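Engineer: So that you have it, the file is model.cif, and it contains mmCIF, C-alpha atoms:
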```
data_structure
loop_
_atom_site.label_atom_id
_atom_site.label_comp_id
_atom_site.auth_asym_id
_atom_site.auth_seq_id
_atom_site.Cartn_x
_atom_site.Cartn_y
_atom_site.Cartn_z
CA MET A 36 -12.26 18.77 -17.67
CA ILE A 37 -10.84 19.60 -14.27
CA LEU A 38 -8.47 17.29 -12.39
CA LEU A 39 -8.66 18.02 -8.65
CA ARG A 40 -6.12 16.47 -6.32
CA HIS A 41 -7.60 15.41 -2.98
CA GLY A 42 -7.01 17.59 0.05
CA GLN A 43 -4.24 16.93 2.55
CA SER A 44 -4.58 13.46 4.06
CA GLU A 45 -3.22 12.10 7.33
CA PHE A 46 -0.62 10.28 5.21
CA ASN A 47 0.43 13.50 3.42
CA LEU A 48 0.83 15.30 6.75
CA HIS A 49 3.19 12.71 8.21
CA PHE A 50 5.01 11.77 5.00
CA SER A 51 5.84 15.39 4.15
CA ALA A 52 7.41 15.83 7.60
CA THR A 53 9.47 12.61 7.65
CA ARG A 54 9.64 11.37 4.01
CA ARG A 55 8.82 7.94 5.50
CA ASP A 56 5.69 5.89 4.96
CA PRO A 57 3.71 6.26 8.22
CA GLY A 58 1.74 3.07 7.49
CA ILE A 59 -1.70 4.69 7.34
CA LYS A 60 -4.09 2.69 5.15
CA ASP A 61 -6.77 4.57 3.19
CA PRO A 62 -6.18 7.78 5.17
CA LYS A 63 -8.82 10.38 5.85
CA LEU A 64 -8.42 14.10 5.26
CA THR A 65 -6.89 16.30 7.93
CA GLY A 66 -8.63 19.49 9.05
CA LEU A 67 -6.59 21.35 6.44
CA GLY A 68 -7.63 18.76 3.84
CA HIS A 69 -11.31 19.37 4.60
CA ASP A 70 -10.70 23.13 4.29
CA GLN A 71 -8.99 22.57 0.94
CA ALA A 72 -11.97 20.53 -0.27
CA GLU A 73 -14.39 23.28 0.77
CA GLN A 74 -12.24 25.96 -0.87
CA ALA A 75 -12.03 23.96 -4.11
CA ALA A 76 -15.81 23.54 -4.15
CA GLU A 77 -16.28 27.28 -3.69
CA ALA A 78 -13.72 28.22 -6.33
CA LEU A 79 -14.87 25.69 -8.93
CA THR A 80 -18.49 26.84 -8.66
CA ALA A 81 -17.81 30.58 -8.51
CA PRO A 82 -19.28 32.71 -11.33
CA GLY A 83 -16.90 32.73 -14.27
CA ALA A 84 -14.90 29.76 -12.95
CA GLY A 85 -15.34 27.83 -16.19
CA PRO A 86 -17.83 25.47 -17.76
CA GLU A 87 -20.78 24.37 -15.65
CA ILE A 88 -19.93 21.21 -13.72
CA ARG A 89 -22.37 18.42 -14.57
CA ARG A 90 -20.36 15.36 -13.57
CA ILE A 91 -18.13 14.51 -10.62
CA ILE A 92 -15.91 11.44 -10.84
CA ALA A 93 -13.83 10.31 -7.86
CA SER A 94 -11.36 7.64 -6.94
CA PRO A 95 -12.63 5.10 -4.37
CA TYR A 96 -10.05 6.17 -1.76
CA THR A 97 -11.58 7.87 1.29
CA ARG A 98 -9.49 11.02 0.83
CA ALA A 99 -10.88 11.49 -2.68
CA LEU A 100 -14.47 10.78 -1.60
CA GLN A 101 -14.13 13.30 1.24
CA THR A 102 -12.72 15.88 -1.17
CA ALA A 103 -15.56 15.35 -3.65
CA ALA A 104 -18.28 15.62 -0.97
CA PRO A 105 -18.46 19.45 -0.62
CA LEU A 106 -18.57 19.93 -4.40
CA ALA A 107 -21.27 17.27 -4.80
CA LYS A 108 -23.32 18.81 -1.99
CA LYS A 109 -22.98 22.31 -3.40
CA LEU A 110 -24.06 21.21 -6.89
CA GLY A 111 -26.55 18.50 -5.90
CA LEU A 112 -24.72 15.98 -8.07
CA PRO A 113 -23.90 12.33 -7.43
CA VAL A 114 -20.27 11.28 -7.20
CA LEU A 115 -19.43 8.61 -9.75
CA ILE A 116 -16.80 6.26 -8.33
CA HIS A 117 -14.23 5.16 -10.89
CA PRO A 118 -11.28 2.94 -9.86
CA LEU A 119 -9.28 3.89 -12.97
CA VAL A 120 -8.55 7.31 -11.41
CA ARG A 121 -7.06 5.81 -8.21
CA GLU A 122 -3.54 6.56 -7.01
CA ARG A 123 -0.49 4.62 -8.12
CA TYR A 124 -0.13 1.80 -5.60
CA ALA A 125 3.23 2.40 -3.89
CA PHE A 126 2.63 3.19 -0.17
CA ALA A 127 0.45 2.03 2.74
CA CYS A 128 -1.98 4.86 1.94
CA ASP A 129 -2.70 3.13 -1.36
CA ILE A 130 -4.28 0.17 0.40
CA GLY A 131 -7.96 1.03 0.08
CA SER A 132 -11.04 0.13 2.05
CA PRO A 133 -13.02 -2.91 0.86
CA SER A 134 -16.16 -2.05 -1.08
CA THR A 135 -18.41 -3.47 1.69
CA GLN A 136 -16.86 -0.99 4.13
CA LEU A 137 -17.16 1.87 1.62
CA ARG A 138 -20.86 1.03 1.12
CA GLN A 139 -21.43 1.39 4.87
CA GLU A 140 -19.51 4.67 5.10
CA TRP A 141 -20.83 6.15 1.84
CA PRO A 142 -24.41 4.83 1.38
CA GLU A 143 -25.23 7.69 -1.00
CA HIS A 144 -22.73 6.39 -3.60
CA ASP A 145 -23.32 3.63 -6.14
CA LEU A 146 -20.51 1.19 -5.47
CA ASP A 147 -22.07 -1.94 -6.97
CA HIS A 148 -19.52 -2.01 -9.82
CA LEU A 149 -16.58 -1.93 -7.42
CA GLU A 150 -14.82 -5.21 -6.62
CA GLU A 151 -14.35 -5.97 -2.92
CA VAL A 152 -10.58 -5.40 -3.25
CA TRP A 153 -10.22 -2.83 -6.04
CA TRP A 154 -6.58 -1.77 -5.52
CA PRO A 155 -3.52 -3.79 -6.67
CA ALA A 156 -1.77 -6.29 -4.41
CA VAL A 157 1.74 -5.14 -5.28
CA GLU A 158 3.46 -1.89 -6.24
CA GLU A 159 2.13 -0.64 -9.53
CA PRO A 160 4.72 0.03 -12.25
CA ALA A 161 4.65 3.53 -13.72
CA ASP A 162 3.75 2.25 -17.18
CA GLN A 163 0.57 0.65 -15.76
CA VAL A 164 -0.52 3.96 -14.23
CA GLN A 165 0.13 5.68 -17.55
CA ALA A 166 -1.90 2.97 -19.33
CA ARG A 167 -4.80 3.63 -16.90
CA ALA A 168 -4.52 7.34 -17.69
CA ARG A 169 -4.68 6.63 -21.44
CA LEU A 170 -7.72 4.38 -20.97
CA PHE A 171 -9.47 7.02 -18.88
CA CYS A 172 -8.67 9.70 -21.48
CA ALA A 173 -10.21 7.49 -24.17
CA GLU A 174 -13.34 6.99 -22.06
CA MET A 175 -13.69 10.69 -21.33
CA SER A 176 -12.97 11.91 -24.86
CA ALA A 177 -15.80 9.69 -26.12
CA LEU A 178 -18.25 11.79 -24.06
CA ALA A 179 -19.71 14.83 -25.79
CA ASP A 180 -19.71 16.82 -22.53
CA TRP A 181 -16.34 15.89 -21.00
CA GLN A 182 -15.63 19.61 -20.50
CA HIS A 183 -18.25 19.64 -17.72
CA THR A 184 -16.46 17.04 -15.57
CA VAL A 185 -14.43 17.31 -12.38
CA VAL A 186 -12.25 14.29 -11.56
CA VAL A 187 -11.14 14.01 -7.92
CA SER A 188 -7.95 12.01 -8.02
CA HIS A 189 -4.36 11.74 -6.83
CA TRP A 190 -0.83 12.98 -7.41
CA GLY A 191 0.37 9.99 -9.47
CA PHE A 192 -2.71 9.68 -11.65
CA ILE A 193 -2.84 13.42 -12.38
CA LEU A 194 0.88 13.33 -13.15
CA SER A 195 0.25 10.49 -15.62
CA MET A 196 -2.56 12.46 -17.27
CA THR A 197 -0.74 15.77 -17.55
CA GLY A 198 2.96 15.45 -16.69
CA GLN A 199 2.37 18.05 -13.95
CA SER A 200 2.85 17.63 -10.21
CA ILE A 201 0.22 19.49 -8.20
CA GLY A 202 -0.33 19.93 -4.48
CA ASN A 203 -3.16 18.82 -2.25
CA GLY A 204 -6.40 20.65 -2.98
CA GLN A 205 -5.07 22.06 -6.27
CA TRP A 206 -6.56 21.49 -9.70
CA LEU A 207 -5.81 21.99 -13.35
CA ALA A 208 -7.62 21.78 -16.66
CA CYS A 209 -7.04 18.72 -18.80
CA ASP A 210 -8.09 17.97 -22.36
CA PRO A 211 -8.52 14.18 -22.69
CA THR A 212 -8.41 14.42 -26.48
CA VAL A 213 -4.75 15.49 -26.31
CA PRO A 214 -2.28 12.60 -25.90
CA PRO A 215 -0.74 12.36 -22.42
CA PRO A 216 2.95 13.22 -22.05
CA ALA A 217 5.41 10.63 -23.34
CA GLN A 218 7.83 11.14 -20.43
CA ILE A 219 6.87 11.44 -16.76
CA ASN A 220 9.14 12.60 -13.92
CA TRP A 221 7.96 10.52 -10.96
CA LYS A 222 9.80 12.60 -8.36
CA HIS A 223 7.77 14.94 -6.18
CA GLY A 224 8.53 18.52 -7.16
#
```
Will you turn the file into structure tokens for me?
Structural biologist:
Amino acid sequence: MILLRHGQSEFNLHFSATRRDPGIKDPKLTGLGHDQAEQAAEALTAPGAGPEIRRIIASPYTRALQTAAPLAKKLGLPVLIHPLVRERYAFACDIGSPSTQLRQEWPEHDLDHLEEVWWPAVEEPADQVQARARLFCAEMSALADWQHTVVVSHWGFILSMTGQSIGNGQWLACDPTVPPPAQINWKHG
């Protein structure tokens, strides 16, 4: 399966410049972030890019939903919203939008399974993120066609799945049947 990190968000833009939390809750993509989402959709659907994509899973954060949108449009697939693939809760950007608000902004998505407040109330310990990654791997490896899935997620969750730090709009292949790394370096590379 493919793990795609969301495109550059308003939070990423400001945080990378100052290394301080700018206090932006559930940030949207920047212009560059939208371009990255479009480029990922083009590259992932290009001839010879890999297995045919039949399933798109995304985190409920706006930046992930916006990143998934061009791929879903290009392939005519629904985006399945899965809170397990959300970011590690550590900054203001990890405060999400309530499900009632998401339903208004994203009426094409099935959000009935999403609790009103689906993100944690306090900083999430690293071992909890890694436990979510293991649970998601177990769910995915139980599917016969997991190889045909793109998961639009976040730096911390992808790091927990693979041990690799990737940039905005980047992706990598992941085999959910292989155990995740035992040790994770939680520093941005």
Engineer: If the PyMOL selection byres ((chain A and resi 88-103) around 7) were run on this exact file, what residues would it hold? Put them as number ranges by chain.
Structural biologist: A: 41-42, 44, 61-64, 69, 72, 86-87, 104-107, 113-118, 120-121, 131, 183-188
Engineer: Mind pulling up the distance from CA of Pro216 in chain A to CA of Cys128 in chain A?
Structural biologist: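 Spanning CA of Cys128 in chain A to CA of Pro216 in chain A is a straight-line distance of 25.9 Å.
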Engineer: Find the residues near Pro215 in chain A: any atom within 9 Å, counting only C-alpha atoms, skip ones fewer than 2 places away on the same chain, and give them as a list in words.
Structural biologist: Gln165, Ala168, Arg169, Cys172, Ser195, Met196, Thr197, Gly198, Pro211, Thr212, Val213, Ala217 and Gln218 of chain A
Engineer: The selected residues should be written to file as a PDB file, in the coordinates of the input (atoms: C-alpha atoms).
Structural biologist:
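Output file again-v9.pdb follows:
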```
ATOM      1  CA  GLN A 165       0.130   5.680 -17.550  1.00  0.00           C
ATOM      2  CA  ALA A 168      -4.520   7.340 -17.690  1.00  0.00           C
ATOM      3  CA  ARG A 169      -4.680   6.630 -21.440  1.00  0.00           C
ATOM      4  CA  CYS A 172      -8.670   9.700 -21.480  1.00  0.00           C
ATOM      5  CA  SER A 195       0.250  10.490 -15.620  1.00  0.00           C
ATOM      6  CA  MET A 196      -2.560  12.460 -17.270  1.00  0.00           C
ATOM      7  CA  THR A 197      -0.740  15.770 -17.550  1.00  0.00           C
ATOM      8  CA  GLY A 198       2.960  15.450 -16.690  1.00  0.00           C
ATOM      9  CA  PRO A 211      -8.520  14.180 -22.690  1.00  0.00           C
ATOM     10  CA  THR A 212      -8.410  14.420 -26.480  1.00  0.00           C
ATOM     11  CA  VAL A 213      -4.750  15.490 -26.310  1.00  0.00           C
ATOM     12  CA  ALA A 217       5.410  10.630 -23.340  1.00  0.00           C
ATOM     13  CA  GLN A 218       7.830  11.140 -20.430  1.00  0.00           C
TER      14      GLN A 218
END
```
Engineer: Go ahead and compute the interatomic distance for CA of Pro82 in chain A and CA of Glu174 in chain A, in Å to one decimal.
Structural biologist: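 Distance reported for this atom pair: 28.5 Å.
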Engineer: Any idea what the distance is between CA of Ala166 in chain A and CA of Pro214 in chain A?
Structural biologist: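 Calculated distance between CA of Ala166 in chain A and CA of Pro214 in chain A is 11.7 Å.
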Engineer: List as a list of chain:residue names the protein and nucleic acid residues near Ile130 in chain A, meaning an atom at most 12 Å away when only C-alpha atoms are counted, but skip any in the same chain fewer than 6 places from it.
Structural biologist: A:Phe46, A:Gly58, A:Ile59, A:Lys60, A:Asp61, A:Pro62, A:Pro95, A:Tyr96, A:Thr97, A:Arg121, A:Glu122, A:Arg123, A:Tyr124, A:Val152, A:Trp153, A:Trp154, A:Pro155, A:Ala156, A:Val157, A:Glu158, A:Glu159
Engineer: Which residue gives the smallest distance to Leu67 in chain A among A:Leu48, A:Leu178, A:Ala81, A:Leu112, with all atoms listed in the file counted?
Structural biologist: A:Leu48
Engineer: Here is a test: counting all atoms listed in the file, which residue of A:Met36, A:Ala52, A:Ala75, A:Ala161 is nearest to Gly204 in chain A?
Structural biologist: A:Ala75
Engineer: Determine the axis-aligned bounding box of all atoms of range 128-142 of chain A present in the file, pad each side by 5 Å, and express its centre and edge lengths in Å to one decimal place as AutoDock Vina command-line options.
Structural biologist:
```
--center_x -13.2 --center_y 1.3 --center_z 1.9 --size_x 32.4 --size_y 19.6 --size_z 16.5
```
Engineer: Quick check on the file I pasted: which residues fall under the PyMOL selection byres ((chain A and resi 222) around 12)? Write them as an MDAnalysis selection string.
Structural biologist: chainID A and resid 161 190:191 194 198:201 219:221 223:224
Engineer: Can you list what the PyMOL selection byres ((chain A and resi 205) around 6) grabs from this structure, as a list in words?
Structural biologist: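 That expression, the PyMOL selection byres ((chain A and resi 205) around 6), corresponds here to Leu39, Arg40, Gly202, Asn203, Gly204 and Trp206 of chain A.
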Engineer: Please determine, counting all atoms listed in the file, which residue among A:Glu73, A:Pro133, A:His189, A:Leu149 has the shortest atom-to-atom distance to Asn47 in chain A.
Structural biologist: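 Closest residue, counting all atoms listed in the file: A:His189.
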Engineer: Nearest to Arg55 in chain A: which of A:His144, A:Leu38, A:Ala127, A:Gln74 is it, counting only C-alpha atoms?
Structural biologist: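 Checking each of A:His144, A:Leu38, A:Ala127, A:Gln74 against Arg55 in chain A, counting only C-alpha atoms, the winner is A:Ala127.
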Engineer: Excluding Ile37 in chain A and any residue of its chain fewer than 2 positions from it, enumerate the residues within 6 Å of it, using all atoms listed in the file, and give them as number ranges by chain.
Structural biologist: A: 185, 207-209
Engineer: Which one is closest to Asp70 in chain A: A:Gln43, A:Gly83, A:Gln136, A:Ala125? Count only C-alpha atoms.
Structural biologist: A:Gln43
Engineer: So, counting only C-alpha atoms, which residue among A:Lys109, A:Phe126, A:Ala177, A:Val164 is closest to Leu79 in chain A?
Structural biologist: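 Of the candidates, the smallest distance to Leu79 in chain A is held by A:Lys109.
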